[in-house]
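Trainee: To be precise about what I am sending: the file is called structure.txt and holds compact mmCIF, C-alpha atoms and all ligand atoms.
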# COMPACT_ATOMS: atom_id res chain seq x y z
CA MET A 1 96.95 127.43 118.40
CA GLU A 2 100.36 128.75 117.38
CA THR A 3 101.39 127.46 113.99
CA GLY A 4 104.77 128.94 113.10
CA THR A 5 105.40 131.39 110.27
CA VAL A 6 102.49 131.95 107.94
CA ASN A 7 103.79 134.29 105.30
CA SER A 8 102.81 132.74 102.06
CA ASP A 9 100.25 133.57 99.36
CA ILE A 10 99.94 129.84 98.94
CA ILE A 11 98.25 129.29 102.31
CA ARG A 12 94.63 129.76 101.26
CA GLU A 13 91.63 127.51 101.54
CA GLU A 14 91.39 127.01 97.75
CA ASN A 15 94.96 125.65 97.64
CA LEU A 16 94.42 123.10 100.40
CA VAL A 17 95.95 119.67 99.70
CA TYR A 18 95.87 118.05 103.14
CA ARG A 19 94.37 118.84 106.51
CA LYS A 20 93.60 116.65 109.53
CA SER A 21 90.20 115.01 109.08
CA ARG A 22 87.15 116.64 110.66
CA VAL A 23 86.21 113.15 111.90
CA LEU A 24 89.10 113.47 114.39
CA THR A 25 88.42 115.52 117.50
CA ASP A 26 90.85 118.27 118.49
CA ASN A 27 92.04 116.29 121.52
CA ILE A 28 95.78 115.64 121.46
CA MET A 29 96.23 111.88 121.30
CA HIS A 30 97.90 110.33 124.35
CA TYR A 31 100.07 107.99 122.24
CA CYS A 32 103.85 108.10 122.48
CA PRO A 33 105.56 110.23 119.80
CA GLY A 34 105.72 108.36 116.48
CA CYS A 35 103.35 105.53 117.49
CA GLY A 36 101.43 103.95 114.61
CA HIS A 37 98.18 104.04 116.59
CA GLY A 38 97.89 107.77 115.86
CA THR A 39 98.54 107.34 112.14
CA THR A 40 95.98 104.54 111.92
CA HIS A 41 93.33 106.58 113.80
CA ARG A 42 93.99 109.44 111.39
CA ILE A 43 93.42 107.36 108.26
CA ILE A 44 90.33 105.63 109.67
CA ALA A 45 88.91 109.14 110.21
CA GLU A 46 89.86 110.13 106.66
CA VAL A 47 88.12 107.08 105.18
CA ILE A 48 84.97 107.81 107.23
CA GLU A 49 85.03 111.43 106.06
CA GLU A 50 85.59 110.49 102.40
CA LEU A 51 82.83 107.85 102.41
CA ASP A 52 80.61 110.38 104.23
CA ILE A 53 79.48 107.81 106.82
CA GLN A 54 80.23 109.64 110.08
CA GLU A 55 76.62 109.16 111.25
CA GLU A 56 76.47 105.54 110.08
CA VAL A 57 79.61 104.06 111.59
CA ILE A 58 80.03 102.46 115.02
CA GLY A 59 83.51 101.64 116.34
CA ILE A 60 84.48 99.30 119.15
CA ALA A 61 87.51 100.30 121.24
CA PRO A 62 89.69 97.60 122.82
CA VAL A 63 91.73 97.30 125.98
CA GLY A 64 95.31 98.32 125.31
CA CYS A 65 96.96 101.63 124.45
CA SER A 66 94.03 102.46 122.15
CA VAL A 67 91.48 102.05 124.96
CA LEU A 68 90.67 105.76 124.64
CA ALA A 69 90.17 105.72 120.85
CA TYR A 70 86.69 107.19 121.36
CA ASN A 71 88.29 110.41 122.61
CA TYR A 72 89.81 110.93 119.16
CA LEU A 73 87.38 109.49 116.62
CA ASP A 74 84.30 111.70 116.48
CA ILE A 75 81.88 108.83 115.84
CA ASP A 76 79.64 106.56 117.92
CA MET A 77 81.88 104.17 119.82
CA GLN A 78 81.52 101.48 122.45
CA GLU A 79 84.23 100.14 124.77
CA ALA A 80 84.62 96.35 124.97
CA ALA A 81 86.10 94.18 127.70
CA HIS A 82 89.61 92.95 126.86
CA GLY A 83 89.53 90.87 123.66
CA ARG A 84 85.75 90.92 123.33
CA ALA A 85 85.42 93.59 120.66
CA PRO A 86 84.37 91.17 117.86
CA ALA A 87 81.59 89.76 120.09
CA LEU A 88 80.28 93.26 120.77
CA ALA A 89 80.62 94.16 117.09
CA THR A 90 78.68 91.03 116.18
CA ALA A 91 75.79 92.05 118.43
CA ILE A 92 75.73 95.65 117.24
CA LYS A 93 75.91 94.69 113.57
CA ARG A 94 73.14 92.12 113.92
CA LEU A 95 70.91 94.61 115.73
CA MET A 96 71.75 97.46 113.36
CA PRO A 97 72.67 95.86 110.02
CA SER A 98 72.61 99.17 108.15
CA LYS A 99 75.51 100.56 110.23
CA TYR A 100 79.18 100.16 109.40
CA VAL A 101 80.66 98.38 112.42
CA PHE A 102 84.37 98.00 113.04
CA THR A 103 86.66 96.95 115.88
CA TYR A 104 90.09 98.44 116.55
CA GLN A 105 92.35 96.03 118.46
CA GLY A 106 95.96 95.43 119.44
CA ASP A 107 97.72 92.07 119.21
CA GLY A 108 97.43 91.34 122.95
CA ASP A 109 93.73 92.08 122.74
CA LEU A 110 93.00 90.27 119.46
CA ALA A 111 95.54 87.43 119.40
CA ALA A 112 95.86 86.53 123.10
CA ILE A 113 92.87 87.09 125.39
CA GLY A 114 90.50 87.61 122.44
CA THR A 115 91.61 84.72 120.22
CA SER A 116 88.29 82.94 120.60
CA GLU A 117 86.23 86.00 119.63
CA THR A 118 88.52 86.71 116.68
CA ILE A 119 88.42 83.20 115.26
CA HIS A 120 84.72 82.54 115.80
CA SER A 121 83.50 85.90 114.50
CA ALA A 122 85.59 85.33 111.36
CA ASN A 123 84.38 81.75 111.04
CA ARG A 124 80.76 82.87 111.38
CA GLY A 125 81.41 85.37 108.60
CA GLU A 126 80.21 88.31 110.65
CA ASN A 127 79.80 91.29 108.38
CA ILE A 128 82.16 93.52 110.37
CA THR A 129 85.58 95.09 109.81
CA ILE A 130 88.51 94.41 112.14
CA VAL A 131 91.48 96.79 112.24
CA PHE A 132 94.29 94.93 113.97
CA ILE A 133 97.37 96.83 115.20
CA ASN A 134 100.27 94.41 115.53
CA ASN A 135 103.28 95.80 117.37
CA GLY A 136 104.50 92.45 118.65
CA ILE A 137 104.04 93.17 122.37
CA TYR A 138 101.61 94.40 125.02
CA GLY A 139 102.32 98.13 124.76
CA MET A 140 100.05 99.52 127.45
CA THR A 141 101.08 97.30 130.33
CA GLY A 142 104.85 97.58 129.89
CA GLY A 143 105.98 95.69 126.82
CA GLN A 144 105.29 92.07 127.82
CA MET A 145 105.61 89.21 125.32
CA ALA A 146 102.53 88.70 123.13
CA PRO A 147 101.59 85.73 120.93
CA THR A 148 102.93 87.85 118.03
CA THR A 149 106.37 88.47 119.60
CA LEU A 150 109.02 87.31 117.13
CA GLU A 151 111.44 84.49 117.84
CA GLY A 152 114.44 86.04 119.58
CA MET A 153 112.62 89.34 120.18
CA LYS A 154 113.22 90.94 123.54
CA SER A 155 110.28 92.00 125.67
CA SER A 156 109.92 92.72 129.38
CA THR A 157 108.89 89.09 129.97
CA SER A 158 111.41 87.64 127.50
CA PRO A 159 114.42 89.82 128.33
CA TYR A 160 116.85 87.45 126.60
CA GLY A 161 114.60 87.12 123.55
CA ARG A 162 111.70 84.78 122.83
CA GLU A 163 112.92 81.22 123.00
CA VAL A 164 110.60 79.01 120.99
CA SER A 165 111.35 75.79 122.90
CA LEU A 166 110.17 77.45 126.10
CA MET A 167 107.71 80.13 124.98
CA GLY A 168 106.22 78.71 121.82
CA HIS A 169 106.05 80.07 118.29
CA PRO A 170 104.85 83.52 117.24
CA LEU A 171 101.27 83.38 115.97
CA LYS A 172 100.22 84.59 112.51
CA ILE A 173 96.60 85.04 113.46
CA THR A 174 95.79 87.01 110.32
CA ASP A 175 96.76 84.03 108.17
CA LEU A 176 94.47 81.85 110.30
CA VAL A 177 91.58 84.30 109.83
CA ALA A 178 92.19 84.23 106.07
CA ARG A 179 91.83 80.45 106.00
CA LEU A 180 88.34 80.54 107.54
CA PRO A 181 85.43 80.50 105.08
CA GLY A 182 83.71 83.51 106.71
CA SER A 183 86.46 86.03 105.93
CA TYR A 184 86.26 87.83 102.57
CA PHE A 185 89.08 90.39 102.47
CA VAL A 186 92.23 89.98 104.60
CA THR A 187 95.34 92.10 104.22
CA ARG A 188 98.50 93.08 106.12
CA GLN A 189 99.80 96.63 105.81
CA ALA A 190 101.97 99.19 107.66
CA VAL A 191 101.98 102.94 108.34
CA HIS A 192 105.67 103.90 108.57
CA THR A 193 106.06 105.66 105.18
CA PRO A 194 103.71 107.86 103.13
CA ALA A 195 103.34 105.11 100.49
CA ASN A 196 102.43 102.52 103.12
CA VAL A 197 99.98 104.89 104.80
CA ARG A 198 98.24 105.41 101.42
CA LYS A 199 97.99 101.64 100.89
CA THR A 200 96.63 101.03 104.39
CA LYS A 201 94.07 103.77 103.93
CA LYS A 202 92.95 102.19 100.66
CA ALA A 203 92.65 98.80 102.39
CA ILE A 204 90.48 100.24 105.18
CA ARG A 205 88.31 101.94 102.57
CA THR A 206 87.96 98.66 100.65
CA ALA A 207 87.03 96.87 103.89
CA PHE A 208 84.22 99.37 104.62
CA GLU A 209 82.96 99.22 101.02
CA LEU A 210 82.83 95.42 101.14
CA GLN A 211 80.99 95.58 104.46
CA ARG A 212 78.33 97.65 102.70
CA GLU A 213 78.02 94.82 100.17
CA LYS A 214 77.58 92.29 103.03
CA LYS A 215 80.49 90.14 101.93
CA GLY A 216 81.54 88.76 105.32
CA MET A 217 84.42 89.68 107.58
CA THR A 218 86.98 92.19 106.35
CA PHE A 219 90.26 92.26 108.26
CA VAL A 220 93.10 94.78 108.01
CA GLU A 221 96.27 94.07 109.99
CA VAL A 222 98.53 97.10 110.44
CA LEU A 223 102.12 96.44 111.50
CA SER A 224 103.15 99.24 113.81
CA ASN A 225 106.05 100.22 116.01
CA CYS A 226 105.76 100.34 119.79
CA ASN A 227 108.84 102.48 120.16
CA SER A 228 108.47 102.85 123.95
CA GLY A 229 108.06 99.13 124.46
CA TRP A 230 110.87 98.30 122.06
CA LYS A 231 113.03 100.96 123.74
CA MET A 232 114.00 102.75 120.54
CA THR A 233 113.38 106.15 118.97
CA PRO A 234 110.39 106.17 116.57
CA VAL A 235 112.67 106.35 113.52
CA GLN A 236 114.86 103.48 114.79
CA ALA A 237 111.75 101.48 115.67
CA ASN A 238 110.31 101.82 112.15
CA LYS A 239 113.64 100.64 110.72
CA TRP A 240 113.70 97.71 113.16
CA MET A 241 110.15 96.84 112.11
CA VAL A 242 111.09 96.73 108.43
CA GLU A 243 114.17 94.59 109.09
CA ASN A 244 112.69 92.20 111.65
CA MET A 245 108.88 92.15 111.46
CA PHE A 246 108.39 92.30 107.68
CA PRO A 247 110.25 89.02 106.93
CA PHE A 248 107.96 87.09 109.33
CA PHE A 249 104.81 89.16 108.74
CA PRO A 250 105.09 90.01 105.02
CA LEU A 251 102.97 92.92 103.77
CA GLY A 252 100.26 92.48 101.16
CA ASP A 253 96.81 91.05 100.53
CA ILE A 254 96.24 87.57 101.96
CA LYS A 255 92.64 87.03 100.83
CA VAL A 256 90.80 88.96 98.12
CA ASN A 257 87.19 88.41 96.99
CA GLY A 258 86.95 85.44 99.32
CA GLU A 259 89.93 83.67 97.69
CA LEU A 260 93.38 83.17 99.22
CA VAL A 261 96.03 85.05 97.25
CA SER A 262 98.58 82.56 95.92
CA LYS A 263 102.12 83.59 96.74
CA MET B 264 105.01 122.02 82.01
CA ALA B 265 103.26 123.75 84.86
CA LYS B 266 105.33 123.87 88.03
CA VAL B 267 103.97 123.59 91.51
CA LYS B 268 104.80 125.36 94.70
CA GLY B 269 103.66 124.25 98.10
CA ASP B 270 103.68 125.37 101.68
CA ILE B 271 102.95 123.83 105.05
CA VAL B 272 101.48 125.01 108.34
CA VAL B 273 102.68 123.18 111.44
CA GLU B 274 100.61 123.13 114.62
CA ILE B 275 103.58 123.52 116.92
CA GLU B 276 101.74 122.67 120.13
CA ARG B 277 100.49 119.32 118.74
CA CYS B 278 103.90 118.18 117.47
CA LYS B 279 105.57 115.50 119.62
CA GLY B 280 108.93 115.65 117.87
CA CYS B 281 108.89 112.04 116.66
CA GLU B 282 110.86 112.97 113.49
CA VAL B 283 109.02 110.43 111.32
CA CYS B 284 108.19 113.17 108.78
CA LEU B 285 111.77 114.25 108.13
CA ASP B 286 112.73 111.34 105.91
CA ALA B 287 109.44 111.55 104.01
CA CYS B 288 110.15 115.00 102.56
CA PRO B 289 111.54 114.72 99.00
CA THR B 290 113.06 118.21 99.08
CA LYS B 291 114.49 117.91 102.61
CA MET B 292 113.06 121.30 103.56
CA ILE B 293 111.97 120.35 107.07
CA ALA B 294 113.95 119.76 110.27
CA MET B 295 113.50 119.82 114.02
CA SER B 296 113.49 123.24 115.59
CA PRO B 297 116.14 123.93 118.25
CA ASP B 298 113.27 125.47 120.26
CA VAL B 299 110.68 123.41 122.12
CA ASN B 300 106.91 123.73 122.52
CA SER B 301 105.16 124.00 125.87
CA LYS B 302 105.41 120.23 126.37
CA GLY B 303 109.15 120.33 125.79
CA TYR B 304 109.16 118.71 122.36
CA HIS B 305 111.37 119.95 119.55
CA TYR B 306 108.83 120.58 116.81
CA MET B 307 109.12 120.20 113.05
CA HIS B 308 109.67 123.42 111.11
CA LYS B 309 110.64 124.67 107.65
CA ILE B 310 114.31 125.30 106.96
CA LYS B 311 113.96 126.05 103.24
CA ASP B 312 111.36 127.32 100.82
CA ASP B 313 111.35 124.29 98.49
CA CYS B 314 107.98 122.73 99.33
CA ILE B 315 106.21 121.04 96.42
CA GLY B 316 103.02 120.36 98.37
CA CYS B 317 103.30 116.58 98.06
CA ALA B 318 101.79 116.11 101.56
CA ASN B 319 104.14 113.23 102.37
CA CYS B 320 105.02 114.78 105.73
CA ALA B 321 101.35 115.24 106.66
CA ILE B 322 100.36 111.75 105.55
CA VAL B 323 102.99 110.03 107.69
CA CYS B 324 102.44 112.25 110.76
CA PRO B 325 100.74 110.25 113.55
CA ASP B 326 99.23 113.37 115.09
CA GLY B 327 97.82 115.25 112.11
CA VAL B 328 100.03 118.22 112.88
CA ILE B 329 100.67 119.42 109.33
CA THR B 330 98.37 121.17 106.86
CA VAL B 331 99.56 121.33 103.24
CA TYR B 332 98.78 123.79 100.44
CA LYS B 333 99.80 123.79 96.78
CA VAL B 334 99.49 126.10 93.76
CA LYS B 335 100.34 125.66 90.10
CA ILE B 336 102.62 128.36 88.74
CA GLY B 337 103.50 129.20 85.14
C1 LIG C 1 90.77 91.03 131.60
C2 LIG C 1 92.04 91.81 131.55
N1 LIG C 1 93.23 91.17 131.57
C3 LIG C 1 94.39 91.86 131.51
C4 LIG C 1 94.36 93.24 131.43
C5 LIG C 1 95.68 93.99 131.38
N2 LIG C 1 95.98 94.51 130.05
C6 LIG C 1 95.66 95.78 129.71
S1 LIG C 1 96.16 96.19 128.15
C7 LIG C 1 96.84 94.64 127.92
C8 LIG C 1 97.53 94.26 126.65
C9 LIG C 1 97.42 95.26 125.56
O1 LIG C 1 98.25 94.90 124.50
P1 LIG C 1 97.83 95.08 122.98
O2 LIG C 1 96.46 94.56 122.75
O3 LIG C 1 98.92 94.46 122.16
O4 LIG C 1 97.72 96.64 122.76
P2 LIG C 1 98.83 97.80 122.73
O5 LIG C 1 98.79 98.37 124.12
O6 LIG C 1 100.14 97.19 122.36
O7 LIG C 1 98.31 98.74 121.70
C10 LIG C 1 96.65 93.84 129.06
C11 LIG C 1 97.14 92.47 129.17
C12 LIG C 1 93.11 93.88 131.42
N3 LIG C 1 93.01 95.21 131.33
N4 LIG C 1 91.97 93.15 131.48
S1 LIG C 2 103.36 102.19 124.55
FE1 LIG C 2 103.75 101.54 122.42
S2 LIG C 2 101.71 101.12 121.52
FE2 LIG C 2 101.41 102.34 123.41
S3 LIG C 2 101.30 104.49 122.70
FE3 LIG C 2 103.45 104.07 123.30
S4 LIG C 2 104.45 103.42 121.37
FE4 LIG C 2 102.21 103.26 121.05
S1 LIG C 3 104.51 118.81 101.63
FE1 LIG C 3 106.13 117.49 100.73
S2 LIG C 3 107.72 118.94 100.05
FE2 LIG C 3 106.36 120.08 101.45
S3 LIG C 3 107.35 119.89 103.47
FE3 LIG C 3 105.84 118.21 103.33
S4 LIG C 3 107.03 116.46 102.54
FE4 LIG C 3 108.28 118.32 102.14
Give the structure from the file, written as structure tokens.
Mentor:
Amino acid sequence: METGTVNSDIIREENLVYRKSRVLTDNIMHYCPGCGHGTTHRIIAEVIEELDIQEEVIGIAPVGCSVLAYNYLDIDMQEAAHGRAPALATAIKRLMPSKYVFTYQGDGDLAAIGTSETIHSANRGENITIVFINNGIYGMTGGQMAPTTLEGMKSSTSPYGREVSLMGHPLKITDLVARLPGSYFVTRQAVHTPANVRKTKKAIRTAFELQREKKGMTFVEVLSNCNSGWKMTPVQANKWMVENMFPFFPLGDIKVNGELVSK
Amino acid sequence: MAKVKGDIVVEIERCKGCEVCLDACPTKMIAMSPDVNSKGYHYMHKIKDDCIGCANCAIVCPDGVITVYKVKIG
């Protein structure tokens, strides 16, 4: 593949600082330019490579934009019906307890149609990891309102903004999961800056390490832009996310070592 | 103190021109090319030789387009 000018003595294998993980396939991801799904796939692959567990990890893909995640992550994966990923993960983990099992789900998948599976798998303390991409809408189907859509936020089914008296309150499902006794590590992160990407990667690594120690459910929410659905450029969408999503969905650890973090 | 010098390799055909990397570069040595790749995206390219190999651009890139190298000099 063409790579632009390569004219430097610096570009040698021994000087390598960063390359795309070998746990990612060479397929070009179908995500819109600048979408946080790609960044999150990338760091999941990096964690799997660094922990050297490519043969021992099983991922569950959701319904939503990331329905084709198995085309990009070069690991064993299974597709779940919409919202049912934690049920499938439960079965796989119970049948194969030595594997690392994780789900990858959007907010429509996890917090709307899959609410029951999310809450009950957490409450049962299933020893799985959930990676939850929250972009505040249903990206794949055209930007409809999700349970996570902010008050006043425009979506294709709330074109004048979400009106709480008519459409209800936005749901902080991650905070609910943290309050259940079966969850052990619950955190909310983002992937819009290098520093945030590093923190999210560390959180995913921690989640996998705790799964190895059989501590119960580990849950990593990743706030992400859906720039197409929000009808903004990626850079504008990340700015909008910081200004509008972060105040309602603050970043940081919510539950650590089985204890709620006091704010 | 030892200084560092870095360099990047951009996989032009994988770049979708999202521009998320531009702000991440501390030395502002990257920009969007006026040319486009075969998909029609303006791709990220070097406009200066000031790379310090921090890998910020690569770490924030959703598509894993950038490879980063670094050497210590002096
Ligand atoms: C049983 C069922 N109901 C509805 C749909 C339609 N559908 C496909 S994706 C989706 C929502 C996806 O939104 P989200 O989980 O937030 O993921 P995103 O696309 O934003 O990443 C819906 C409702 C479906 N495929 N199956
Ligand atoms: S529609 Fe939204 S969530 Fe889906 S790939 Fe595009 S930006 Fe990402
Ligand atoms: S590695 Fe750092 S200094 Fe070099 S281009 Fe990327 S962001 Fe800029």
Trainee: Using only C-alpha atoms, I'd like every residue of chain B that has an atom within 9 Å of chain A; please write them out as a PyMOL selection string.
Mentor: chain B and resi 268-284+286-287+308-309+316-334
Trainee: Compare A:Thr115, A:Asn134, A:Thr148, A:Thr103 by their minimum atom-to-atom distance to ligand LIG 2 (chain C), counting only C-alpha atoms and all ligand atoms, and give me the closest one.
Mentor: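 Nearest to ligand LIG 2 (chain C): A:Asn134.
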Trainee: So that each row is one residue of chain A with an atom at most 6 Å from ligand LIG 2 (chain C), can you give its shortest atom pair and the distance in Å to one decimal, using only C-alpha atoms and all ligand atoms, rows by chain and rising number, as CSV?
Mentor:
residue,atom,partner,partner_atom,distance
A:Tyr31,CA,C:LIG2,S3,3.7
A:Cys32,CA,C:LIG2,FE3,4.1
A:Cys35,CA,C:LIG2,FE4,4.4
A:Cys65,CA,C:LIG2,FE2,4.6
A:Gly139,CA,C:LIG2,S1,4.2
A:Met140,CA,C:LIG2,FE2,5.1
A:Cys226,CA,C:LIG2,FE1,3.5
A:Asn227,CA,C:LIG2,S4,4.6
A:Ser228,CA,C:LIG2,S4,4.8
A:Gly229,CA,C:LIG2,FE1,5.3
Trainee: Between B:Cys288, B:Val267, B:Ile336, B:Met295, which is the closest to ligand LIG 3 (chain C) once you count all atoms listed in the file?
Mentor: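 Using all atoms listed in the file, the shortest distance to ligand LIG 3 (chain C) belongs to B:Cys288.
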Trainee: May I have the residues within 10 Å of ligand LIG 1 (chain C), computed using only C-alpha atoms and all ligand atoms, as number ranges by chain?
Mentor: A: 31, 35-37, 62-67, 81-84, 104-114, 132-149, 224-226, 229
